[in-house]
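Data file: entry_34.csv. Format and content: CSV, C-alpha atoms.
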```csv
chain,number,residue,atom,x,y,z
S,1,MET,CA,67.5,-17.2,-1.9
S,2,SER,CA,69.8,-14.4,-0.9
S,3,ALA,CA,68.6,-10.9,0.0
S,4,VAL,CA,70.4,-9.5,-3.1
S,5,THR,CA,68.4,-11.8,-5.4
S,6,VAL,CA,65.1,-10.8,-3.7
S,7,SER,CA,66.0,-7.2,-4.0
S,8,ARG,CA,66.8,-7.6,-7.8
S,9,THR,CA,63.5,-9.5,-8.4
S,10,ALA,CA,61.5,-6.9,-6.6
S,11,GLY,CA,63.2,-4.2,-8.6
S,12,ARG,CA,62.5,-5.9,-11.9
S,13,ALA,CA,58.8,-6.3,-10.9
S,14,ARG,CA,58.6,-2.6,-10.0
S,15,ALA,CA,60.3,-1.7,-13.2
S,16,GLY,CA,58.0,-3.8,-15.4
S,17,SER,CA,54.8,-2.6,-13.8
S,18,VAL,CA,53.3,0.4,-15.5
S,19,PRO,CA,50.8,2.4,-13.3
S,20,ARG,CA,47.5,3.1,-14.9
S,21,PRO,CA,46.0,6.6,-14.9
S,22,ASP,CA,43.4,7.2,-12.2
S,23,GLY,CA,40.8,7.9,-14.8
S,24,VAL,CA,41.1,4.5,-16.5
S,25,GLY,CA,40.7,2.6,-13.2
S,26,ARG,CA,37.7,4.7,-12.2
S,27,ALA,CA,36.1,4.1,-15.6
S,28,ALA,CA,36.6,0.4,-15.3
S,29,GLN,CA,35.1,0.3,-11.8
S,30,GLU,CA,32.1,2.3,-13.0
S,31,ARG,CA,31.5,-0.2,-15.9
S,32,ARG,CA,31.6,-3.1,-13.4
S,33,GLN,CA,29.1,-1.3,-11.2
S,34,ARG,CA,26.8,-0.6,-14.1
S,35,ARG,CA,27.0,-4.3,-15.2
S,36,ALA,CA,26.2,-5.4,-11.6
S,37,ALA,CA,23.3,-3.0,-11.3
S,38,PHE,CA,22.0,-4.3,-14.7
S,39,TRP,CA,22.0,-7.9,-13.6
S,40,PHE,CA,20.5,-7.1,-10.2
S,41,LEU,CA,17.7,-5.0,-11.7
S,42,LEU,CA,16.9,-7.4,-14.7
S,43,PRO,CA,14.7,-9.9,-12.8
S,44,ASP,CA,12.5,-7.2,-11.3
S,45,SER,CA,12.4,-5.3,-14.5
S,46,LEU,CA,11.2,-8.3,-16.4
S,47,GLY,CA,8.6,-9.1,-13.8
S,48,LEU,CA,7.2,-5.5,-14.0
S,49,LEU,CA,7.2,-5.6,-17.7
S,50,VAL,CA,5.5,-9.0,-18.1
S,51,PHE,CA,3.1,-8.8,-15.1
S,52,VAL,CA,2.4,-5.0,-14.9
S,53,ALA,CA,3.2,-3.0,-18.0
S,54,VAL,CA,1.9,-5.5,-20.6
S,55,PRO,CA,-1.4,-6.1,-18.8
S,56,MET,CA,-1.9,-2.4,-18.3
S,57,VAL,CA,-1.4,-1.8,-22.1
S,58,LEU,CA,-3.7,-4.7,-22.9
S,59,ALA,CA,-6.4,-3.3,-20.6
S,60,VAL,CA,-6.3,0.1,-22.3
S,61,VAL,CA,-6.6,-1.6,-25.7
S,62,LEU,CA,-9.4,-3.9,-24.6
S,63,GLY,CA,-11.3,-0.9,-23.3
S,64,PHE,CA,-12.1,0.1,-26.9
S,65,PHE,CA,-13.7,-3.2,-27.7
S,66,ARG,CA,-17.0,-5.0,-26.7
S,67,ILE,CA,-16.0,-8.5,-25.6
S,68,ASP,CA,-18.5,-11.1,-24.6
S,69,GLY,CA,-16.1,-13.6,-23.1
S,70,PHE,CA,-16.6,-16.2,-25.8
S,71,GLY,CA,-14.0,-14.9,-28.3
S,72,SER,CA,-16.1,-12.2,-29.9
S,73,PHE,CA,-14.3,-8.8,-30.3
S,74,GLN,CA,-16.1,-5.7,-31.7
S,75,PHE,CA,-14.3,-2.4,-31.9
S,76,ILE,CA,-16.6,0.3,-30.5
S,77,GLY,CA,-14.1,3.2,-29.9
S,78,LEU,CA,-15.1,5.3,-26.9
S,79,GLY,CA,-18.4,3.4,-26.4
S,80,ASN,CA,-17.3,1.9,-23.1
S,81,TYR,CA,-16.3,5.3,-21.8
S,82,VAL,CA,-19.5,6.9,-22.9
S,83,ARG,CA,-21.4,4.1,-21.2
S,84,MET,CA,-19.3,4.6,-18.1
S,85,ALA,CA,-20.3,8.3,-17.9
S,86,GLY,CA,-24.0,7.5,-17.9
S,87,ASP,CA,-23.8,4.4,-15.7
S,88,PRO,CA,-25.5,5.1,-12.3
S,89,GLN,CA,-24.1,1.9,-10.8
S,90,PHE,CA,-20.6,3.0,-11.7
S,91,TRP,CA,-21.0,6.4,-10.1
S,92,SER,CA,-22.5,4.7,-7.0
S,93,SER,CA,-19.5,2.4,-6.7
S,94,VAL,CA,-17.2,5.5,-7.0
S,95,ARG,CA,-19.1,7.2,-4.2
S,96,ILE,CA,-18.9,4.1,-2.0
S,97,THR,CA,-15.2,3.8,-2.7
S,98,LEU,CA,-14.6,7.4,-1.7
S,99,LEU,CA,-16.5,6.9,1.5
S,100,TYR,CA,-14.5,3.7,2.2
S,101,LEU,CA,-11.3,5.6,1.4
S,102,VAL,CA,-12.1,8.5,3.7
S,103,GLY,CA,-13.0,6.1,6.5
S,104,VAL,CA,-10.0,3.8,6.2
S,105,VAL,CA,-6.9,5.9,5.4
S,106,PRO,CA,-7.2,8.5,8.2
S,107,ALA,CA,-8.0,5.7,10.7
S,108,ILE,CA,-5.0,3.6,9.5
S,109,PHE,CA,-2.8,6.7,9.8
S,110,VAL,CA,-3.9,7.5,13.4
S,111,VAL,CA,-4.1,3.9,14.7
S,112,GLY,CA,-0.8,2.9,13.1
S,113,LEU,CA,1.0,5.9,14.5
S,114,GLY,CA,-0.6,5.5,17.9
S,115,LEU,CA,0.4,1.8,18.1
S,116,ALA,CA,3.9,2.6,16.9
S,117,LEU,CA,4.2,5.2,19.7
S,118,LEU,CA,2.9,2.6,22.2
S,119,VAL,CA,5.2,-0.3,21.3
S,120,GLN,CA,8.2,2.1,21.1
S,121,GLN,CA,8.0,2.5,24.9
S,122,LYS,CA,9.9,0.2,27.3
S,123,ILE,CA,6.9,-1.8,28.5
S,124,PRO,CA,6.7,-5.5,29.6
S,125,PHE,CA,6.4,-8.0,26.8
S,126,VAL,CA,6.7,-5.3,24.1
S,127,GLY,CA,8.1,-7.8,21.6
S,128,ALA,CA,5.1,-10.1,22.0
S,129,ILE,CA,2.8,-7.2,21.7
S,130,ARG,CA,4.4,-6.1,18.4
S,131,SER,CA,4.1,-9.6,17.1
S,132,MET,CA,0.4,-10.0,18.0
S,133,LEU,CA,-0.4,-6.7,16.4
S,134,PHE,CA,1.4,-7.6,13.2
S,135,VAL,CA,0.1,-11.2,12.9
S,136,PRO,CA,-3.3,-10.3,11.3
S,137,TYR,CA,-1.5,-8.8,8.3
S,138,VAL,CA,0.4,-12.0,7.4
S,139,ILE,CA,-2.8,-14.1,7.5
S,140,SER,CA,-4.7,-14.6,4.2
S,141,LEU,CA,-7.3,-11.9,3.8
S,142,VAL,CA,-9.9,-14.5,2.8
S,143,VAL,CA,-9.3,-16.3,6.2
S,144,VAL,CA,-9.6,-13.0,8.0
S,145,ALA,CA,-12.8,-12.2,6.2
S,146,MET,CA,-14.3,-15.7,7.1
S,147,VAL,CA,-13.4,-15.3,10.8
S,148,TRP,CA,-15.0,-11.8,10.9
S,149,GLU,CA,-18.0,-13.1,9.0
S,150,PHE,CA,-18.4,-15.8,11.7
S,151,MET,CA,-18.1,-13.3,14.5
S,152,LEU,CA,-20.5,-10.8,12.9
S,153,GLY,CA,-23.2,-13.3,11.9
S,154,ASP,CA,-26.8,-12.3,12.7
S,155,ARG,CA,-28.0,-13.6,16.1
S,156,THR,CA,-25.2,-16.3,16.2
S,157,GLY,CA,-22.0,-14.3,15.9
S,158,VAL,CA,-20.1,-13.3,19.0
S,159,LEU,CA,-20.3,-9.6,18.4
S,160,SER,CA,-24.0,-9.8,17.6
S,161,ARG,CA,-24.6,-11.6,20.9
S,162,VAL,CA,-22.6,-8.9,22.8
S,163,ALA,CA,-24.6,-6.2,21.1
S,164,ALA,CA,-27.8,-8.0,22.1
S,165,SER,CA,-26.6,-8.3,25.7
S,166,LEU,CA,-26.1,-4.5,25.8
S,167,GLY,CA,-29.7,-3.9,24.7
S,168,PHE,CA,-29.1,-3.7,20.9
S,169,GLU,CA,-31.5,-6.4,19.6
S,170,ASN,CA,-31.5,-7.6,16.0
S,171,VAL,CA,-28.4,-5.6,15.0
S,172,SER,CA,-27.1,-6.9,11.7
S,173,PHE,CA,-23.6,-5.6,11.1
S,174,LEU,CA,-23.4,-7.0,7.6
S,175,GLY,CA,-27.1,-7.1,6.7
S,176,GLU,CA,-28.0,-3.4,7.2
S,177,PRO,CA,-27.0,-0.9,4.5
S,178,SER,CA,-26.3,1.7,7.2
S,179,LEU,CA,-23.8,-0.5,9.1
S,180,ALA,CA,-22.3,-2.7,6.4
S,181,LEU,CA,-19.8,-0.3,5.0
S,182,GLY,CA,-18.7,0.9,8.4
S,183,THR,CA,-18.2,-2.7,9.4
S,184,VAL,CA,-16.0,-3.3,6.4
S,185,VAL,CA,-14.0,-0.2,7.3
S,186,VAL,CA,-13.4,-1.5,10.8
S,187,VAL,CA,-12.2,-4.9,9.6
S,188,THR,CA,-9.9,-3.3,7.0
S,189,VAL,CA,-8.3,-1.1,9.7
S,190,TRP,CA,-7.9,-4.1,12.0
S,191,PHE,CA,-6.3,-6.1,9.3
S,192,GLN,CA,-3.8,-3.5,8.1
S,193,MET,CA,-2.9,-1.6,11.3
S,194,GLY,CA,0.0,-3.9,12.2
S,195,TYR,CA,1.8,-3.3,8.9
S,196,TYR,CA,1.6,0.5,9.2
S,197,MET,CA,2.6,0.3,12.8
S,198,VAL,CA,5.8,-1.3,11.7
S,199,ILE,CA,6.4,1.4,9.0
S,200,PHE,CA,5.8,4.2,11.6
S,201,LEU,CA,8.0,2.4,14.1
S,202,ALA,CA,10.9,2.4,11.6
S,203,GLY,CA,10.4,6.1,11.1
S,204,LEU,CA,10.3,6.8,14.8
S,205,GLN,CA,13.5,4.9,15.4
S,206,ASP,CA,15.3,7.1,12.8
S,207,ILE,CA,14.6,10.2,14.8
S,208,PRO,CA,17.7,11.0,16.9
S,209,GLY,CA,17.1,10.8,20.7
S,210,GLU,CA,19.1,13.9,21.3
S,211,TYR,CA,16.3,16.0,19.9
S,212,TYR,CA,13.9,14.7,22.6
S,213,GLU,CA,16.5,15.2,25.3
S,214,ALA,CA,17.1,18.8,24.3
S,215,ALA,CA,13.3,19.4,24.3
S,216,ARG,CA,13.0,17.9,27.8
S,217,ILE,CA,15.7,20.1,29.1
S,218,ASP,CA,13.9,23.1,27.6
S,219,GLY,CA,10.8,22.1,29.5
S,220,ALA,CA,8.7,20.8,26.5
S,221,GLY,CA,5.9,18.4,27.4
S,222,ALA,CA,4.9,15.2,25.7
S,223,TRP,CA,2.4,16.9,23.3
S,224,GLN,CA,4.9,19.7,22.5
S,225,ARG,CA,7.6,17.1,21.7
S,226,PHE,CA,5.2,15.2,19.5
S,227,ARG,CA,4.0,18.3,17.6
S,228,ALA,CA,7.4,19.9,17.2
S,229,ILE,CA,9.7,16.9,16.7
S,230,THR,CA,7.9,13.7,15.9
S,231,LEU,CA,5.3,14.8,13.4
S,232,PRO,CA,7.7,17.1,11.3
S,233,LEU,CA,10.5,14.4,11.2
S,234,LEU,CA,7.9,11.7,10.2
S,235,ARG,CA,7.0,13.6,7.0
S,236,PRO,CA,8.7,11.1,4.6
S,237,THR,CA,7.2,8.1,6.5
S,238,SER,CA,3.8,9.8,6.6
S,239,PHE,CA,3.9,10.4,2.8
S,240,PHE,CA,4.7,6.8,2.2
S,241,VAL,CA,1.9,5.6,4.4
S,242,ILE,CA,-0.7,7.9,2.8
S,243,ILE,CA,0.3,6.8,-0.8
S,244,THR,CA,0.5,3.1,-0.1
S,245,ALA,CA,-2.7,3.1,2.1
S,246,THR,CA,-4.6,4.9,-0.6
S,247,VAL,CA,-3.5,2.5,-3.3
S,248,SER,CA,-4.1,-0.5,-1.1
S,249,VAL,CA,-7.6,0.6,-0.1
S,250,ILE,CA,-8.7,1.3,-3.7
S,251,THR,CA,-7.3,-1.9,-5.2
S,252,GLY,CA,-7.3,-4.4,-2.3
S,253,GLY,CA,-10.8,-4.5,-1.0
S,254,LEU,CA,-12.1,-7.2,-3.4
S,255,ASP,CA,-11.4,-10.3,-1.3
S,256,LEU,CA,-12.8,-8.7,1.9
S,257,VAL,CA,-16.0,-7.4,0.3
S,258,PHE,CA,-16.5,-10.7,-1.7
S,259,VAL,CA,-16.5,-12.8,1.5
S,260,LEU,CA,-18.1,-10.5,4.0
S,261,THR,CA,-21.0,-8.9,2.0
S,262,GLY,CA,-20.8,-9.8,-1.7
S,263,GLY,CA,-21.2,-6.2,-2.5
S,264,GLY,CA,-24.5,-5.9,-0.5
S,265,PRO,CA,-26.8,-5.3,1.1
S,266,ALA,CA,-28.5,-3.3,-1.6
S,267,GLY,CA,-25.1,-2.4,-3.2
S,268,SER,CA,-24.0,-0.5,-0.1
S,269,THR,CA,-20.5,-2.1,-0.1
S,270,THR,CA,-20.0,-2.4,-3.9
S,271,LEU,CA,-16.5,-0.8,-4.2
S,272,LEU,CA,-15.2,0.2,-7.6
S,273,ILE,CA,-12.8,-2.8,-7.7
S,274,PHE,CA,-15.7,-5.1,-6.8
S,275,TYR,CA,-17.8,-3.5,-9.6
S,276,ILE,CA,-15.0,-4.2,-12.1
S,277,TYR,CA,-15.0,-7.8,-10.9
S,278,GLU,CA,-18.8,-8.1,-11.4
S,279,GLN,CA,-18.7,-6.7,-14.9
S,280,ALA,CA,-15.8,-8.9,-16.0
S,281,PHE,CA,-16.5,-12.3,-14.4
S,282,LEU,CA,-20.3,-12.2,-13.6
S,283,PHE,CA,-21.7,-10.3,-16.6
S,284,GLY,CA,-19.0,-11.1,-19.1
S,285,GLU,CA,-18.4,-7.4,-20.0
S,286,LEU,CA,-14.7,-7.7,-20.2
S,287,GLY,CA,-14.2,-4.6,-22.4
S,288,TYR,CA,-16.3,-2.4,-20.1
S,289,ALA,CA,-14.4,-3.8,-17.1
S,290,ALA,CA,-11.1,-3.0,-18.8
S,291,ALA,CA,-12.2,0.5,-19.5
S,292,ILE,CA,-13.1,1.1,-15.9
S,293,GLY,CA,-9.8,-0.4,-14.8
S,294,SER,CA,-7.9,1.9,-17.1
S,295,VAL,CA,-9.7,5.0,-15.6
S,296,LEU,CA,-9.0,3.7,-12.1
S,297,VAL,CA,-5.3,3.3,-12.8
S,298,LEU,CA,-5.2,6.8,-14.4
S,299,VAL,CA,-6.8,8.3,-11.4
S,300,MET,CA,-4.4,6.6,-9.0
S,301,LEU,CA,-1.4,7.8,-11.1
S,302,ALA,CA,-2.8,11.4,-11.1
S,303,TRP,CA,-3.3,11.2,-7.3
S,304,SER,CA,0.2,10.0,-6.7
S,305,ALA,CA,1.7,12.7,-9.0
S,306,LEU,CA,-0.4,15.3,-7.2
S,307,MET,CA,0.9,14.1,-3.8
S,308,PHE,CA,4.5,14.1,-5.0
S,309,ALA,CA,4.1,17.7,-6.3
S,310,VAL,CA,2.4,19.0,-3.2
S,311,THR,CA,4.6,17.4,-0.6
S,312,ARG,CA,7.7,17.1,-2.7
S,313,GLY,CA,7.8,13.4,-2.0
S,314,GLY,CA,7.7,14.0,1.8
S,315,ARG,CA,11.0,15.7,1.8
S,316,PHE,CA,11.9,18.4,4.3
S,317,ASP,CA,11.8,22.1,3.5
S,318,ASN,CA,15.6,22.4,3.5
S,319,ASP,CA,16.2,19.3,1.3
```
Could you write out this structure as structure tokens?
Amino acid sequence: MSAVTVSRTAGRARAGSVPRPDGVGRAAQERRQRRAAFWFLLPDSLGLLVFVAVPMVLAVVLGFFRIDGFGSFQFIGLGNYVRMAGDPQFWSSVRITLLYLVGVVPAIFVVGLGLALLVQQKIPFVGAIRSMLFVPYVISLVVVAMVWEFMLGDRTGVLSRVAASLGFENVSFLGEPSLALGTVVVVTVWFQMGYYMVIFLAGLQDIPGEYYEAARIDGAGAWQRFRAITLPLLRPTSFFVIITATVSVITGGLDLVFVLTGGGPAGSTTLLIFYIYEQAFLFGELGYAAAIGSVLVLVMLAWSALMFAVTRGGRFDND
């Protein structure tokens, strides 16, 4: 094929092609992006609808009925909520849950941040140390609880023997009401600290190193750098940790309490989530349990909304 023929063919191709306006091409690209986003979000949206939204609506509806677990439904209106207001065991479980929350969340925050600051340093075997600290979180919580129950057993557990060797005879970590809740708090912090260490470590690695170099040049010490640089720039991460830790502590203590103490001794570790389990599956009060669960979800939503309003979602002041 000659050069003239090629030139004529290219000329006809250029002449036959009609350029599209920029707006048409941009609109088509946006439609493709919306379709892709729809198909990517569809599986998660269906999962949330089927396994979260629908059960929440059903729980609210069941809260207005008396259900005996054998197919008998009796509409009682606000009867379950009136019963809840006058139930001393309910308020006792609320008090224990608040004590558990106050004990766990600040400890998780401090320990998780401290471990993140530690493993961020260039120390020998830092990769192995990170893995060992994170491993408890990936183990089944039931297995963790069984191991700790074995270690804390009266007179036979390892920790009980250590306490006896130090002069603390007949110490029952899980059998004394004054020690049981504190023991559950310690086990919870040990189990979850690796996860929050990783979250804080990710936040620390997002802080530019130039800030610390400038602070060192200005003569700032380690505590001054931590207070003026690390803590302020960790606000989004800290917000995420507080929200997720609070929700996890309120809703995730059932397995641990069930294996370690069974809610005892004398109800000293009966968290609200465990009380809901008792009412639903031990006493057959499914409607009452649904009402308590609805109130619990409402309280958590209100707490999350309050945190978002007060901290602006952890955003910085100039955002």
Mind dumping a table of every range 38-67 of chain S residue within 12 Å of range 274-293 of chain S, with the nearest atom pair and its distance in Å to one decimal, using only C-alpha atoms, sorted by chain and rising number, as a Markdown table?
```
| residue | atom | partner | partner_atom | distance |
| --- | --- | --- | --- | --- |
| S:Pro55 | CA | S:Ala290 | CA | 10.2 |
| S:Met56 | CA | S:Gly293 | CA | 8.9 |
| S:Val57 | CA | S:Ala290 | CA | 10.3 |
| S:Leu58 | CA | S:Ala290 | CA | 8.6 |
| S:Ala59 | CA | S:Ala290 | CA | 5.0 |
| S:Val60 | CA | S:Ala291 | CA | 6.5 |
| S:Val61 | CA | S:Ala290 | CA | 8.4 |
| S:Leu62 | CA | S:Gly287 | CA | 5.3 |
| S:Gly63 | CA | S:Ala291 | CA | 4.1 |
| S:Phe64 | CA | S:Gly287 | CA | 6.8 |
| S:Phe65 | CA | S:Gly287 | CA | 5.5 |
| S:Arg66 | CA | S:Gly287 | CA | 5.1 |
| S:Ile67 | CA | S:Gly287 | CA | 5.4 |
```
Of the listed residues S:Val171, S:Ile129, S:Leu78, S:Leu272, that which approaches Ser93 in chain S most closely, counting all atoms listed in the file: S:Leu272
Using only C-alpha atoms for the distances, tell me which of S:Ser268, S:Thr311, S:Ser178, S:Gln74 is nearest to Phe240 in chain S.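 Once distances to Phe240 in chain S are computed over only C-alpha atoms, the minimum belongs to S:Thr311.
Atom to atom, CA of Val138 in chain S and CA of Leu46 in chain S stand 26.4 Å apart.
When CA of Phe258 in chain S is paired with CA of Ala245 in chain S, their separation reads 19.9 Å.
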Suppose you want the space between CA of Tyr100 in chain S and CA of Leu271 in chain S; what is it in Å?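 Result for CA of Tyr100 in chain S versus CA of Leu271 in chain S: 8.1 Å, one decimal.
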Produce the centre coordinates and the three edge lengths, each in Å to one decimal, of the box along x, y and z that contains all listed atoms of range 173-178 of chain S with 6 Å added on each side, as lines of an AutoDock Vina configuration file.
```
center_x = -25.7
center_y = -2.7
center_z = 7.8
size_x = 16.6
size_y = 20.8
size_z = 18.6
```
Fewer than 6 positions away in the same chain doesn't count, so skip those; otherwise give me all residues within 12 Å of Met132 in chain S, counting all atoms listed in the file, as a list of chain:residue names.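 In the requested format, the answer is S:Leu115, S:Val119, S:Phe125, S:Val126, S:Val138, S:Ile139, S:Trp190, S:Phe191, S:Met193, S:Gly194, S:Tyr195, S:Met197.
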Taking (-20.9, -15.6, 10.5) in the file's coordinates as the center, which residues reach within 12 Å of it, counting all atoms listed in the file, put as JSON, numbers by chain? {"S": [144, 145, 146, 147, 148, 149, 150, 151, 152, 153, 154, 155, 156, 157, 158, 159, 160, 161, 172, 173, 174, 175, 259, 260, 261]}
Report as a PyMOL selection string all protein, DNA and RNA residues lying within 12 Å of range 207-209 of chain S, evaluated on all atoms listed in the file, omitting residues in the same chain fewer than 3 positions from it. chain S and resi 200-204+212-216+225-226+229-237
Pick out the residues sitting within 12 Å of Thr188 in chain S, and hand them over as a PyMOL selection string; count all atoms listed in the file, and ignore anything fewer than 5 positions along from it in its own chain. chain S and resi 100-101+103-105+107-108+136-137+141-142+144-145+148+181-183+193-195+245+248-250+252-257+260
Could you check the closest approach to Val299 in chain S for each of S:Leu49, S:Val247, S:Val187, S:Ala163 and tell me which residue wins, using all atoms listed in the file?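 Closest to Val299 in chain S, using all atoms listed in the file: S:Val247.
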The residue from S:Gln33, S:Thr97, S:Asp87, S:Leu166 with the smallest atom-to-atom distance to Leu296 in chain S, counting all atoms listed in the file, is S:Thr97
